[in-house]
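One file, upload_23.csv, carrying CSV, C-alpha atoms and all ligand atoms:
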chain,number,residue,atom,x,y,z
W,1,MET,CA,4.5,21.0,21.7
W,2,ALA,CA,4.7,24.7,22.6
W,3,THR,CA,5.4,25.2,26.3
W,4,PRO,CA,5.0,28.4,28.2
W,5,THR,CA,7.9,28.0,30.5
W,6,PRO,CA,10.6,30.0,28.6
W,7,THR,CA,8.0,32.7,27.8
W,8,LEU,CA,7.0,33.1,31.4
W,9,MET,CA,10.6,33.3,32.6
W,10,GLY,CA,11.4,35.5,29.7
W,11,VAL,CA,8.6,38.0,30.0
W,12,ALA,CA,10.0,39.6,33.1
W,13,SER,CA,13.6,39.8,32.0
W,14,SER,CA,12.9,41.0,28.4
W,15,THR,CA,10.3,43.7,29.2
W,16,GLY,CA,12.6,45.7,31.3
W,17,LEU,CA,9.9,46.7,33.7
W,18,ASN,CA,11.0,48.3,36.9
W,19,ASP,CA,9.6,45.8,39.4
W,20,GLU,CA,10.5,42.5,37.7
W,21,PRO,CA,9.8,40.1,40.6
W,22,ARG,CA,6.4,41.7,41.2
W,23,GLN,CA,5.4,41.6,37.6
W,24,LEU,CA,6.4,37.9,37.4
W,25,ALA,CA,4.5,37.0,40.6
W,26,LEU,CA,1.4,38.8,39.2
W,27,LEU,CA,1.7,37.0,35.9
W,28,ILE,CA,2.1,33.6,37.5
W,29,ARG,CA,-0.7,34.1,39.9
W,30,SER,CA,-3.1,35.1,37.1
W,31,VAL,CA,-2.5,31.9,35.2
W,32,THR,CA,-5.2,29.4,36.3
W,33,ASP,CA,-5.2,26.9,33.5
W,34,TYR,CA,-1.7,25.7,34.4
W,35,ALA,CA,-0.3,24.5,37.7
W,36,ILE,CA,3.0,26.3,38.0
W,37,TYR,CA,5.3,25.5,40.9
W,38,MET,CA,8.8,25.8,42.1
W,39,LEU,CA,10.6,22.8,43.5
W,40,ASP,CA,13.8,22.9,45.4
W,41,PRO,CA,16.7,20.7,44.1
W,42,ASN,CA,15.3,17.7,45.9
W,43,GLY,CA,11.8,18.0,44.6
W,44,TYR,CA,10.1,19.6,47.6
W,45,ILE,CA,7.5,22.2,46.7
W,46,ARG,CA,8.5,25.8,47.5
W,47,SER,CA,5.6,27.7,46.0
W,48,TRP,CA,2.8,27.3,43.5
W,49,ASN,CA,0.1,29.4,41.8
W,50,PRO,CA,-3.7,29.3,42.0
W,51,GLY,CA,-3.8,27.1,38.9
W,52,GLY,CA,-2.1,24.4,41.0
W,53,GLU,CA,-4.8,24.7,43.6
W,54,ARG,CA,-7.6,24.6,41.0
W,55,ILE,CA,-6.2,21.6,39.1
W,56,LYS,CA,-5.1,19.4,42.0
W,57,GLY,CA,-7.4,20.4,44.8
W,58,TYR,CA,-4.9,21.1,47.5
W,59,ARG,CA,-4.7,24.4,49.4
W,60,ASP,CA,-1.5,26.4,49.6
W,61,GLU,CA,-0.6,25.4,53.2
W,62,GLU,CA,-1.4,21.7,52.5
W,63,ILE,CA,1.2,21.4,49.8
W,64,VAL,CA,4.1,23.8,50.2
W,65,GLY,CA,7.0,21.9,51.8
W,66,GLU,CA,5.6,18.5,50.5
W,67,HIS,CA,7.5,16.4,47.9
W,68,PHE,CA,6.1,16.7,44.4
W,69,SER,CA,5.8,13.0,44.0
W,70,ARG,CA,2.5,13.0,45.9
W,71,PHE,CA,0.9,14.0,42.6
W,72,TYR,CA,2.1,10.8,41.0
W,73,THR,CA,0.2,7.5,40.9
W,74,PRO,CA,1.6,4.6,43.1
W,75,GLU,CA,2.6,2.8,39.9
W,76,ASP,CA,4.7,5.7,38.6
W,77,ILE,CA,6.3,6.2,42.0
W,78,ALA,CA,7.2,2.5,42.1
W,79,ARG,CA,8.8,3.0,38.7
W,80,GLY,CA,10.8,5.9,40.0
W,81,GLU,CA,9.1,8.4,37.6
W,82,PRO,CA,9.4,11.5,39.8
W,83,GLN,CA,13.1,11.1,40.2
W,84,ARG,CA,13.6,10.4,36.6
W,85,GLY,CA,11.7,13.6,35.7
W,86,LEU,CA,14.1,15.7,37.8
W,87,GLU,CA,17.1,13.8,36.6
W,88,THR,CA,16.2,14.3,32.9
W,89,ALA,CA,15.5,18.0,33.4
W,90,ARG,CA,18.9,18.5,35.1
W,91,THR,CA,21.0,16.6,32.6
W,92,GLN,CA,19.1,17.4,29.4
W,93,GLY,CA,17.8,20.8,30.2
W,94,ARG,CA,14.1,19.8,30.1
W,95,PHE,CA,11.7,17.0,30.8
W,96,GLU,CA,8.3,16.7,29.1
W,97,ALA,CA,5.7,13.9,29.5
W,98,GLU,CA,2.0,13.1,29.3
W,99,ALA,CA,0.7,10.8,32.0
W,100,TRP,CA,-1.9,10.2,34.7
W,101,ARG,CA,-1.6,12.2,37.9
W,102,LEU,CA,-3.6,12.3,41.1
W,103,ARG,CA,-5.8,15.0,42.6
W,104,LYS,CA,-6.2,15.5,46.3
W,105,ASP,CA,-9.5,13.5,46.2
W,106,GLY,CA,-7.7,10.5,44.6
W,107,THR,CA,-9.2,11.0,41.1
W,108,ARG,CA,-6.9,10.8,38.2
W,109,PHE,CA,-6.4,13.3,35.5
W,110,ARG,CA,-4.4,13.3,32.3
W,111,ALA,CA,-1.5,15.7,32.7
W,112,ASN,CA,0.9,17.3,30.3
W,113,VAL,CA,4.0,18.0,32.4
W,114,VAL,CA,7.1,20.1,31.7
W,115,ILE,CA,10.0,20.4,34.1
W,116,ASP,CA,12.8,22.9,33.6
W,117,PRO,CA,15.9,23.2,35.8
W,118,ILE,CA,16.7,26.6,37.3
W,119,TRP,CA,20.4,27.5,37.4
W,120,HIS,CA,22.1,30.3,39.2
W,121,ASN,CA,25.8,30.8,38.5
W,122,ASP,CA,26.2,27.1,37.5
W,123,GLU,CA,24.4,25.9,40.7
W,124,LEU,CA,21.1,24.1,40.5
W,125,ILE,CA,18.8,26.0,42.8
W,126,GLY,CA,15.5,24.2,41.9
W,127,TYR,CA,13.0,23.4,39.2
W,128,ALA,CA,10.1,25.1,37.5
W,129,LYS,CA,7.3,22.6,36.9
W,130,ILE,CA,4.2,23.3,34.8
W,131,THR,CA,1.3,20.9,34.7
W,132,ARG,CA,-1.7,21.2,32.4
W,133,ASP,CA,-4.9,19.2,32.7
W,134,VAL,CA,-5.4,17.7,29.2
W,135,THR,CA,-8.0,15.1,30.3
W,136,GLU,CA,-10.7,16.4,27.9
W,137,ARG,CA,-8.5,16.4,24.9
W,138,TYR,CA,-7.1,13.0,25.8
W,139,GLU,CA,-10.6,11.5,26.2
W,140,ALA,CA,-11.8,13.1,22.9
W,141,GLN,CA,-8.8,11.5,21.2
W,142,GLN,CA,-9.6,8.1,22.7
W,143,HIS,CA,-13.2,8.3,21.5
W,144,LEU,CA,-12.0,9.2,18.0
W,145,PHE,CA,-9.6,6.4,18.0
W,146,GLU,CA,-12.3,3.9,19.1
W,147,ALA,CA,-14.7,5.2,16.5
W,148,GLN,CA,-12.0,4.8,13.8
W,149,LYS,CA,-11.4,1.2,15.0
W,150,ALA,CA,-15.1,0.4,14.9
W,151,LEU,CA,-15.4,1.8,11.4
W,152,ALA,CA,-12.4,-0.2,10.1
W,153,GLN,CA,-13.9,-3.3,11.6
W,154,SER,CA,-17.3,-2.7,10.0
W,155,GLN,CA,-15.6,-2.1,6.6
W,156,ARG,CA,-13.6,-5.3,7.0
W,157,LEU,CA,-16.8,-7.2,7.8
W,158,GLU,CA,-18.5,-5.7,4.8
W,159,ALA,CA,-15.7,-6.8,2.5
W,160,ILE,CA,-15.7,-10.3,4.0
W,161,GLY,CA,-19.5,-10.3,3.5
W,162,LYS,CA,-19.3,-9.6,-0.2
W,163,LEU,CA,-16.6,-12.3,-0.7
W,164,THR,CA,-18.6,-14.8,1.3
W,165,LEU,CA,-21.7,-14.2,-0.7
W,166,GLY,CA,-20.0,-15.0,-4.0
W,167,LEU,CA,-18.4,-18.2,-2.6
W,168,ALA,CA,-21.6,-19.3,-1.0
W,169,HIS,CA,-23.6,-19.0,-4.2
W,170,ASP,CA,-21.1,-21.2,-6.2
W,171,PHE,CA,-20.9,-23.7,-3.4
W,172,ASN,CA,-24.7,-23.9,-3.2
W,173,ASN,CA,-24.9,-24.8,-6.9
W,174,LEU,CA,-22.3,-27.5,-6.5
W,175,LEU,CA,-24.2,-29.0,-3.5
W,176,THR,CA,-27.4,-29.1,-5.5
W,177,VAL,CA,-25.7,-31.2,-8.2
W,178,ILE,CA,-24.2,-33.5,-5.6
W,179,VAL,CA,-27.5,-34.0,-3.8
W,180,ASN,CA,-29.4,-34.7,-7.0
W,181,SER,CA,-26.9,-37.2,-8.1
W,182,LEU,CA,-27.0,-38.9,-4.7
W,183,ASP,CA,-30.8,-39.1,-4.9
W,184,LEU,CA,-30.5,-40.8,-8.3
W,185,ILE,CA,-27.8,-43.2,-7.0
W,186,ALA,CA,-30.1,-44.1,-4.1
W,187,LEU,CA,-32.7,-45.3,-6.7
W,188,HIS,CA,-30.4,-47.8,-8.3
W,189,PRO,CA,-30.9,-51.4,-7.2
W,190,PHE,CA,-27.3,-51.6,-5.9
W,191,ALA,CA,-28.2,-49.0,-3.3
W,192,SER,CA,-30.4,-51.5,-1.4
W,193,GLU,CA,-27.3,-53.4,-0.2
W,194,PRO,CA,-26.2,-52.4,3.3
W,195,ARG,CA,-22.7,-51.1,2.5
W,196,PRO,CA,-23.7,-48.8,-0.5
W,197,ARG,CA,-26.6,-47.6,1.6
W,198,GLU,CA,-24.2,-46.5,4.4
W,199,TRP,CA,-22.0,-44.7,1.9
W,200,ILE,CA,-24.9,-42.8,0.4
W,201,GLU,CA,-26.2,-41.9,3.9
W,202,ALA,CA,-22.7,-40.6,4.9
W,203,ALA,CA,-22.5,-38.5,1.8
W,204,LEU,CA,-26.0,-37.1,2.4
W,205,ARG,CA,-25.1,-36.2,5.9
W,206,ALA,CA,-22.0,-34.4,4.7
W,207,THR,CA,-24.1,-32.5,2.1
W,208,ASP,CA,-26.6,-31.5,4.9
W,209,ARG,CA,-23.7,-30.0,6.8
W,210,GLY,CA,-22.6,-28.2,3.6
W,211,THR,CA,-26.1,-26.9,3.1
W,212,LEU,CA,-26.2,-25.5,6.6
W,213,LEU,CA,-22.9,-23.9,6.1
W,214,THR,CA,-23.9,-22.2,2.8
W,215,ARG,CA,-27.1,-20.9,4.4
W,216,GLN,CA,-25.1,-19.4,7.2
W,217,LEU,CA,-22.7,-17.8,4.7
W,218,LEU,CA,-25.5,-16.5,2.6
W,219,ALA,CA,-27.3,-15.1,5.6
W,220,PHE,CA,-24.1,-13.4,6.8
W,221,GLY,CA,-23.2,-12.1,3.3
W,222,ARG,CA,-26.6,-10.6,2.6
W,223,GLY,CA,-27.2,-9.4,6.1
W,224,GLN,CA,-30.3,-11.6,5.7
W,225,THR,CA,-33.0,-10.3,3.4
W,226,LEU,CA,-36.2,-11.7,5.1
W,227,ALA,CA,-39.4,-12.5,3.4
W,228,PRO,CA,-41.7,-12.8,6.5
W,229,GLU,CA,-45.1,-14.5,6.2
W,230,LEU,CA,-47.6,-15.5,8.8
W,231,HIS,CA,-46.9,-18.9,10.2
W,232,ASP,CA,-47.8,-21.1,13.2
W,233,ILE,CA,-44.4,-21.6,14.7
W,234,ASN,CA,-45.4,-25.1,16.1
W,235,ASP,CA,-46.3,-26.1,12.6
W,236,LEU,CA,-43.0,-24.8,11.1
W,237,LEU,CA,-41.1,-26.8,13.7
W,238,THR,CA,-43.0,-30.1,13.2
W,239,ARG,CA,-42.6,-29.8,9.4
W,240,SER,CA,-38.8,-29.7,9.7
W,241,SER,CA,-38.6,-32.3,12.6
W,242,GLU,CA,-36.9,-34.8,10.3
W,243,LEU,CA,-34.1,-32.4,9.5
W,244,TYR,CA,-33.5,-31.6,13.2
W,245,ARG,CA,-33.5,-35.3,14.2
W,246,ARG,CA,-31.1,-36.2,11.5
W,247,ALA,CA,-28.8,-33.4,12.6
W,248,CYS,CA,-28.7,-34.8,16.1
W,249,GLY,CA,-27.1,-38.0,15.0
W,250,PRO,CA,-27.5,-41.4,16.6
W,251,THR,CA,-26.2,-40.5,20.2
W,252,VAL,CA,-28.3,-37.4,20.9
W,253,GLY,CA,-32.0,-37.6,21.7
W,254,PHE,CA,-34.4,-35.0,20.4
W,255,ARG,CA,-37.8,-33.9,21.8
W,256,PHE,CA,-40.4,-31.3,21.2
W,257,GLU,CA,-42.3,-29.6,24.1
W,258,LEU,CA,-44.7,-27.5,22.0
W,259,ALA,CA,-47.4,-25.2,23.4
W,260,GLY,CA,-50.9,-26.6,23.3
W,261,GLN,CA,-52.3,-23.8,21.0
W,262,PRO,CA,-50.9,-22.5,17.7
W,263,LEU,CA,-48.4,-19.7,18.0
W,264,TYR,CA,-48.6,-17.2,15.2
W,265,ALA,CA,-45.8,-15.0,14.1
W,266,GLN,CA,-44.5,-13.2,11.0
W,267,VAL,CA,-41.4,-15.0,10.0
W,268,ASP,CA,-39.2,-16.0,7.1
W,269,ALA,CA,-39.7,-19.7,7.2
W,270,ALA,CA,-36.4,-20.6,5.6
W,271,GLN,CA,-34.4,-18.4,7.9
W,272,PHE,CA,-36.4,-19.7,10.9
W,273,GLU,CA,-35.5,-23.2,10.0
W,274,ALA,CA,-31.9,-22.3,9.5
W,275,ALA,CA,-31.8,-20.6,12.9
W,276,VAL,CA,-33.3,-23.6,14.7
W,277,LEU,CA,-31.0,-26.0,12.9
W,278,ASN,CA,-28.0,-23.8,13.9
W,279,LEU,CA,-29.1,-24.2,17.5
W,280,VAL,CA,-29.7,-27.9,17.3
W,281,VAL,CA,-26.3,-28.4,15.7
W,282,ASN,CA,-24.6,-26.3,18.4
W,283,SER,CA,-26.3,-28.4,21.1
W,284,ARG,CA,-25.3,-31.6,19.4
W,285,ASP,CA,-21.7,-30.5,19.2
W,286,ALA,CA,-21.8,-29.6,22.9
W,287,MET,CA,-22.8,-33.2,23.8
W,288,PRO,CA,-20.1,-35.5,22.4
W,289,GLY,CA,-21.0,-38.1,25.0
W,290,GLY,CA,-24.7,-38.1,24.2
W,291,GLY,CA,-27.6,-36.2,25.8
W,292,THR,CA,-31.0,-34.7,24.9
W,293,ILE,CA,-32.1,-31.6,23.0
W,294,VAL,CA,-35.4,-30.2,23.9
W,295,VAL,CA,-37.1,-27.6,21.7
W,296,ARG,CA,-39.8,-25.8,23.6
W,297,THR,CA,-42.3,-23.2,22.5
W,298,GLN,CA,-44.5,-20.8,24.4
W,299,ARG,CA,-46.2,-17.5,24.4
W,300,VAL,CA,-44.5,-15.0,26.7
W,301,GLU,CA,-45.7,-11.6,27.8
W,302,ARG,CA,-42.7,-9.3,28.5
W,303,ALA,CA,-40.7,-6.2,27.6
W,304,PRO,CA,-37.8,-6.7,25.3
W,305,PRO,CA,-34.5,-7.0,27.2
W,306,ASP,CA,-32.9,-3.9,25.6
W,307,ALA,CA,-35.9,-1.7,26.6
W,308,PRO,CA,-37.1,-3.0,30.0
W,309,GLU,CA,-39.1,0.2,30.5
W,310,ALA,CA,-41.1,-0.4,27.3
W,311,PRO,CA,-44.6,-1.8,27.5
W,312,VAL,CA,-45.1,-5.5,27.8
W,313,ARG,CA,-45.8,-7.3,24.5
W,314,SER,CA,-46.6,-10.8,23.4
W,315,PHE,CA,-43.8,-12.9,22.0
W,316,VAL,CA,-43.6,-16.3,20.6
W,317,CYS,CA,-40.5,-17.9,22.1
W,318,VAL,CA,-38.6,-21.0,20.8
W,319,GLU,CA,-36.1,-22.4,23.3
W,320,VAL,CA,-33.5,-24.9,22.3
W,321,ILE,CA,-32.2,-26.5,25.5
W,322,ASP,CA,-29.3,-28.9,26.0
W,323,ASP,CA,-27.6,-30.5,28.9
W,324,GLY,CA,-24.2,-30.4,27.3
W,325,GLU,CA,-20.9,-29.0,28.4
W,326,GLY,CA,-22.1,-25.3,28.5
W,327,MET,CA,-19.9,-22.2,28.0
W,328,SER,CA,-17.5,-20.3,30.1
W,329,ALA,CA,-18.3,-16.6,30.9
W,330,GLU,CA,-15.7,-15.6,28.3
W,331,VAL,CA,-17.2,-17.7,25.6
W,332,VAL,CA,-20.7,-16.4,26.4
W,333,GLU,CA,-19.4,-12.9,26.1
W,334,ARG,CA,-18.2,-13.5,22.5
W,335,ALA,CA,-20.3,-16.3,21.3
W,336,ILE,CA,-22.6,-14.3,19.1
W,337,GLU,CA,-19.8,-12.4,17.3
W,338,PRO,CA,-19.6,-13.4,13.6
W,339,PHE,CA,-16.8,-15.8,13.0
W,340,PHE,CA,-16.2,-16.5,16.7
W,341,THR,CA,-15.8,-20.2,17.2
W,342,THR,CA,-14.1,-22.5,19.7
W,343,LYS,CA,-14.3,-25.4,17.3
W,344,GLU,CA,-11.5,-26.7,15.2
W,345,VAL,CA,-11.1,-25.6,11.5
W,346,GLY,CA,-13.7,-27.4,9.4
W,347,ARG,CA,-16.1,-28.0,12.3
W,348,GLY,CA,-17.2,-24.5,13.1
W,349,SER,CA,-17.7,-21.3,11.0
W,350,GLY,CA,-18.6,-19.1,14.0
W,351,LEU,CA,-21.7,-17.9,12.0
W,352,GLY,CA,-24.4,-19.9,13.7
W,353,LEU,CA,-25.3,-17.7,16.7
W,354,SER,CA,-24.7,-14.5,14.8
W,355,GLN,CA,-27.4,-15.7,12.3
W,356,VAL,CA,-29.8,-16.7,15.1
W,357,PHE,CA,-29.4,-13.3,16.9
W,358,GLY,CA,-29.5,-11.4,13.7
W,359,PHE,CA,-32.6,-13.2,12.5
W,360,ALA,CA,-34.5,-12.6,15.8
W,361,LYS,CA,-33.6,-9.0,15.8
W,362,GLN,CA,-34.5,-8.4,12.2
W,363,SER,CA,-37.8,-10.1,12.7
W,364,GLY,CA,-38.6,-7.5,15.4
W,365,GLY,CA,-37.8,-9.7,18.3
W,366,PHE,CA,-34.7,-10.7,20.3
W,367,ALA,CA,-32.7,-13.7,21.3
W,368,THR,CA,-31.1,-14.6,24.7
W,369,LEU,CA,-28.4,-16.9,25.7
W,370,SER,CA,-27.9,-18.5,29.0
W,371,SER,CA,-25.1,-21.1,29.7
W,372,GLU,CA,-22.9,-22.3,32.4
W,373,PRO,CA,-20.0,-24.7,32.2
W,374,GLY,CA,-21.3,-28.2,33.0
W,375,HIS,CA,-24.9,-27.1,33.2
W,376,GLY,CA,-25.9,-26.9,29.6
W,377,THR,CA,-27.1,-24.1,27.4
W,378,THR,CA,-30.5,-22.5,26.6
W,379,VAL,CA,-30.9,-20.2,23.6
W,380,SER,CA,-34.2,-18.5,23.3
W,381,MET,CA,-35.5,-16.8,20.2
W,382,CYS,CA,-38.5,-14.5,20.8
W,383,LEU,CA,-40.5,-13.2,17.8
W,384,PRO,CA,-43.4,-10.7,18.0
W,385,ALA,CA,-46.6,-12.7,18.3
W,386,SER,CA,-49.3,-12.1,15.6
W,387,GLU,CA,-53.0,-12.4,15.9
W,388,GLU,CA,-54.5,-15.7,14.7
W,389,PRO,CA,-55.6,-15.4,11.1
W,390,SER,CA,-59.3,-15.0,10.7
W,391,ASP,CA,-61.1,-17.8,8.6
W,392,GLU,CA,-62.0,-16.7,5.2
Z,401,LIG,N1,-25.2,-25.2,22.9
Z,401,LIG,C1,-23.9,-24.8,23.1
Z,401,LIG,N2,-23.2,-25.3,24.1
Z,401,LIG,C2,-21.9,-25.0,24.3
Z,401,LIG,N3,-21.3,-24.1,23.6
Z,401,LIG,C3,-21.9,-23.5,22.6
Z,401,LIG,C4,-23.3,-23.8,22.3
Z,401,LIG,N4,-23.7,-23.0,21.2
Z,401,LIG,C5,-22.6,-22.3,20.9
Z,401,LIG,N5,-21.6,-22.5,21.7
Z,401,LIG,C6,-20.3,-21.9,21.7
Z,401,LIG,O1,-20.4,-20.7,20.9
Z,401,LIG,C7,-19.5,-20.7,19.8
Z,401,LIG,C8,-20.1,-20.0,18.6
Z,401,LIG,O2,-21.2,-20.7,18.1
Z,401,LIG,P1,-21.7,-20.5,16.6
Z,401,LIG,O3,-21.8,-19.0,16.3
Z,401,LIG,O4,-22.8,-21.4,16.3
Z,401,LIG,O5,-20.4,-20.9,15.8
Z,401,LIG,P2,-19.8,-22.4,15.6
Z,401,LIG,O6,-20.9,-23.4,16.0
Z,401,LIG,O7,-19.6,-22.5,14.1
Z,401,LIG,O8,-18.6,-22.5,16.4
Z,401,LIG,C9,-19.2,-22.2,19.6
Z,401,LIG,O9,-17.9,-22.3,18.9
Z,401,LIG,C10,-19.2,-22.7,21.0
Z,401,LIG,O10,-18.0,-22.5,21.6
Z,402,MG,MG,-22.8,-23.3,15.4
Please lay out the structure from this file as structure tokens.
Amino acid sequence: MATPTPTLMGVASSTGLNDEPRQLALLIRSVTDYAIYMLDPNGYIRSWNPGGERIKGYRDEEIVGEHFSRFYTPEDIARGEPQRGLETARTQGRFEAEAWRLRKDGTRFRANVVIDPIWHNDELIGYAKITRDVTERYEAQQHLFEAQKALAQSQRLEAIGKLTLGLAHDFNNLLTVIVNSLDLIALHPFASEPRPREWIEAALRATDRGTLLTRQLLAFGRGQTLAPELHDINDLLTRSSELYRRACGPTVGFRFELAGQPLYAQVDAAQFEAAVLNLVVNSRDAMPGGGTIVVRTQRVERAPPDAPEAPVRSFVCVEVIDDGEGMSAEVVERAIEPFFTTKEVGRGSGLGLSQVFGFAKQSGGFATLSSEPGHGTTVSMCLPASEEPSDE
């Protein structure tokens, strides 16, 4: 990086002007974007220019005679950085670094620092130190860096999405064949015996899991193409109640608490069912020792959480409530990220909550998650309420 030190020192000696010291002093004083100061051999400040005052906030009389380490952060002082800077300049002829420094008011700024030793007849008489405030450039670089990272991440997700979609389609076709065959086997007289019945039921449960997984993968791969239609949410839930109950297994209870009146909303019925199933399965997984899952519906008048100033609107909300193990704050933070899972390989895909939140948002609503370790979990999906259809 180009540094002005040699030029500054050189200007006076190479121009051959009559009054060199005065020219130099004038030059240094007119530089305000750089803090230029002279240190004695031990690092005490002998003089500095107005740039130093502007960048660091101290007045002349506050700083002359002080040790230059007062511009360093406590961490850098503890690491011996100020001494190392002088040492490097003395032994290697120059020190250059970029680091955080402190202003008088305690705020930090990003500084580019150059230290040159000043020799007079082989004797070290002090140091010239130049500091430039590069905070803006540094922050711009950080933003650029973060934007690049986000872009790379979204490209990676897109690639995974395409791959997933292809696999899920094939997998779905295989599952269809398996389920059809199991249905035929179940019709055979041999299937009425207890053991074969158990085997068939176990196989059906496994295919249910496989179906859920392929739905999650398809939804993720496509970014969910929705085909919304007007439905009474209570009606959709009751129609699929067998599916939810079966997903709970034998040790977990399942109960509806549905609003007394119909709750209309424009939704894609298949994705809605997948979302509720995702939540029920999550709740079941969180209650290995048994418990109860409640699915509650209600109409709620509120503003969406991401726009609390927006006018209040009507939402149809479906809550899936469990009294399971709950989530730590760190898990809550990351739970809705695609592929985030705390479950072992083969048990979790990490796509359930991302489908639920994606579905709610794409349907024009939102979802919320509230959970505490030991106090269970409630996930709420709120969809914009529609008017009741008029009778034809
Ligand atoms: N009802 C719940 N109770 C406790 N933890 C949950 C619940 N729902 C989700 N989680 C946590 O959030 C994570 C992500 O959930 P999800 O996206 O459905 O993926 P998966 O269930 O495949 O792990 C889970 O691994 C689990 O740690
Ligand atoms: Mg899940």
List every residue of stretch 73-132 of chain W that has an atom at most 8 Å from any atom of stretch 17-34 of chain W, and for each one report the closest atom pair and its distance in Å to one decimal, counting all atoms listed in the file, with rows sorted by chain and then by increasing residue number, as JSON lines.
{"residue": "W:Ile130", "atom": "CA", "partner": "W:Tyr34", "partner_atom": "CA", "distance": 6.4}
{"residue": "W:Thr131", "atom": "CA", "partner": "W:Tyr34", "partner_atom": "CA", "distance": 5.7}
{"residue": "W:Arg132", "atom": "CA", "partner": "W:Tyr34", "partner_atom": "CA", "distance": 4.9}
Worksheet item: Using all atoms listed in the file, which residues sit within 10 Å of W:Pro304 once same-chain residues fewer than 5 positions away are excluded, as a list in words?
Response: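 The neighbour list is Glu309, Ala310, Pro311, Val312, Arg313, Ser314, Phe315, Gly364, Gly365, Phe366, Ala367 and Cys382 of chain W.
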Write a file of the just-selected residues containing C-alpha atoms, as a compact mmCIF listing (two decimals), in the frame of the given file.
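again.txt, freshly written:
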# COMPACT_ATOMS: atom_id res chain seq x y z
CA GLU W 309 -39.10 0.20 30.50
CA ALA W 310 -41.10 -0.40 27.30
CA PRO W 311 -44.60 -1.80 27.50
CA VAL W 312 -45.10 -5.50 27.80
CA ARG W 313 -45.80 -7.30 24.50
CA SER W 314 -46.60 -10.80 23.40
CA PHE W 315 -43.80 -12.90 22.00
CA GLY W 364 -38.60 -7.50 15.40
CA GLY W 365 -37.80 -9.70 18.30
CA PHE W 366 -34.70 -10.70 20.30
CA ALA W 367 -32.70 -13.70 21.30
CA CYS W 382 -38.50 -14.50 20.80
Discussion item. When you count only C-alpha atoms, which of these residues is closest to W:Trp100: W:Thr176, W:Gln355, W:Thr73, W:Ser386?
Written reply: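 Closest to W:Trp100 of all the choices is W:Thr73.
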Worksheet item: Using only C-alpha atoms and all ligand atoms, which of the listed residues (W:Phe272, W:Phe220, W:Lys361, W:Leu236) sits closest to ligand LIG 401 (chain Z)?
Response: W:Phe220
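The set of protein, DNA and RNA residues with any counted atom at most 12 Å from (2.6, 20.5, 27.1) (only C-alpha atoms) reads W:Met1, W:Ala2, W:Thr3, W:Pro4, W:Thr5, W:Asp33, W:Tyr34, W:Ala35, W:Arg94, W:Phe95, W:Glu96, W:Ala97, W:Glu98, W:Ala99, W:Arg110, W:Ala111, W:Asn112, W:Val113, W:Val114, W:Ile115, W:Lys129, W:Ile130, W:Thr131, W:Arg132, W:Asp133, W:Val134.
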Kindly export the residues of the current selection with C-alpha atoms, as an mmCIF file, keeping the file's coordinate frame.
data_model
loop_
_atom_site.group_PDB
_atom_site.id
_atom_site.type_symbol
_atom_site.label_atom_id
_atom_site.label_comp_id
_atom_site.auth_asym_id
_atom_site.auth_seq_id
_atom_site.Cartn_x
_atom_site.Cartn_y
_atom_site.Cartn_z
ATOM 1 C CA MET W 1 4.500 21.000 21.700
ATOM 2 C CA ALA W 2 4.700 24.700 22.600
ATOM 3 C CA THR W 3 5.400 25.200 26.300
ATOM 4 C CA PRO W 4 5.000 28.400 28.200
ATOM 5 C CA THR W 5 7.900 28.000 30.500
ATOM 6 C CA ASP W 33 -5.200 26.900 33.500
ATOM 7 C CA TYR W 34 -1.700 25.700 34.400
ATOM 8 C CA ALA W 35 -0.300 24.500 37.700
ATOM 9 C CA ARG W 94 14.100 19.800 30.100
ATOM 10 C CA PHE W 95 11.700 17.000 30.800
ATOM 11 C CA GLU W 96 8.300 16.700 29.100
ATOM 12 C CA ALA W 97 5.700 13.900 29.500
ATOM 13 C CA GLU W 98 2.000 13.100 29.300
ATOM 14 C CA ALA W 99 0.700 10.800 32.000
ATOM 15 C CA ARG W 110 -4.400 13.300 32.300
ATOM 16 C CA ALA W 111 -1.500 15.700 32.700
ATOM 17 C CA ASN W 112 0.900 17.300 30.300
ATOM 18 C CA VAL W 113 4.000 18.000 32.400
ATOM 19 C CA VAL W 114 7.100 20.100 31.700
ATOM 20 C CA ILE W 115 10.000 20.400 34.100
ATOM 21 C CA LYS W 129 7.300 22.600 36.900
ATOM 22 C CA ILE W 130 4.200 23.300 34.800
ATOM 23 C CA THR W 131 1.300 20.900 34.700
ATOM 24 C CA ARG W 132 -1.700 21.200 32.400
ATOM 25 C CA ASP W 133 -4.900 19.200 32.700
ATOM 26 C CA VAL W 134 -5.400 17.700 29.200
#
Fill in: Nearby residues (all atoms listed in the file) at most 7 Å from stretch 282-288 of chain W, same-chain spacing under 2 positions excluded, as a list of chain:residue names
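Close residues of stretch 282-288 of chain W: W:Cys248, W:Val252, W:Asn278, W:Leu279, W:Val280, W:Gly290, W:Gly291, W:Ile293, W:Asp322, W:Gly324, W:Glu325.
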Discussion item. 6 Å from ligand LIG 401 (chain Z) is the threshold here; counting all atoms listed in the file, which polymer residues fall inside it? Answer as number ranges by chain.
Written reply: W: 282-283, 286, 325-327, 335-336, 340-343, 348-354, 377
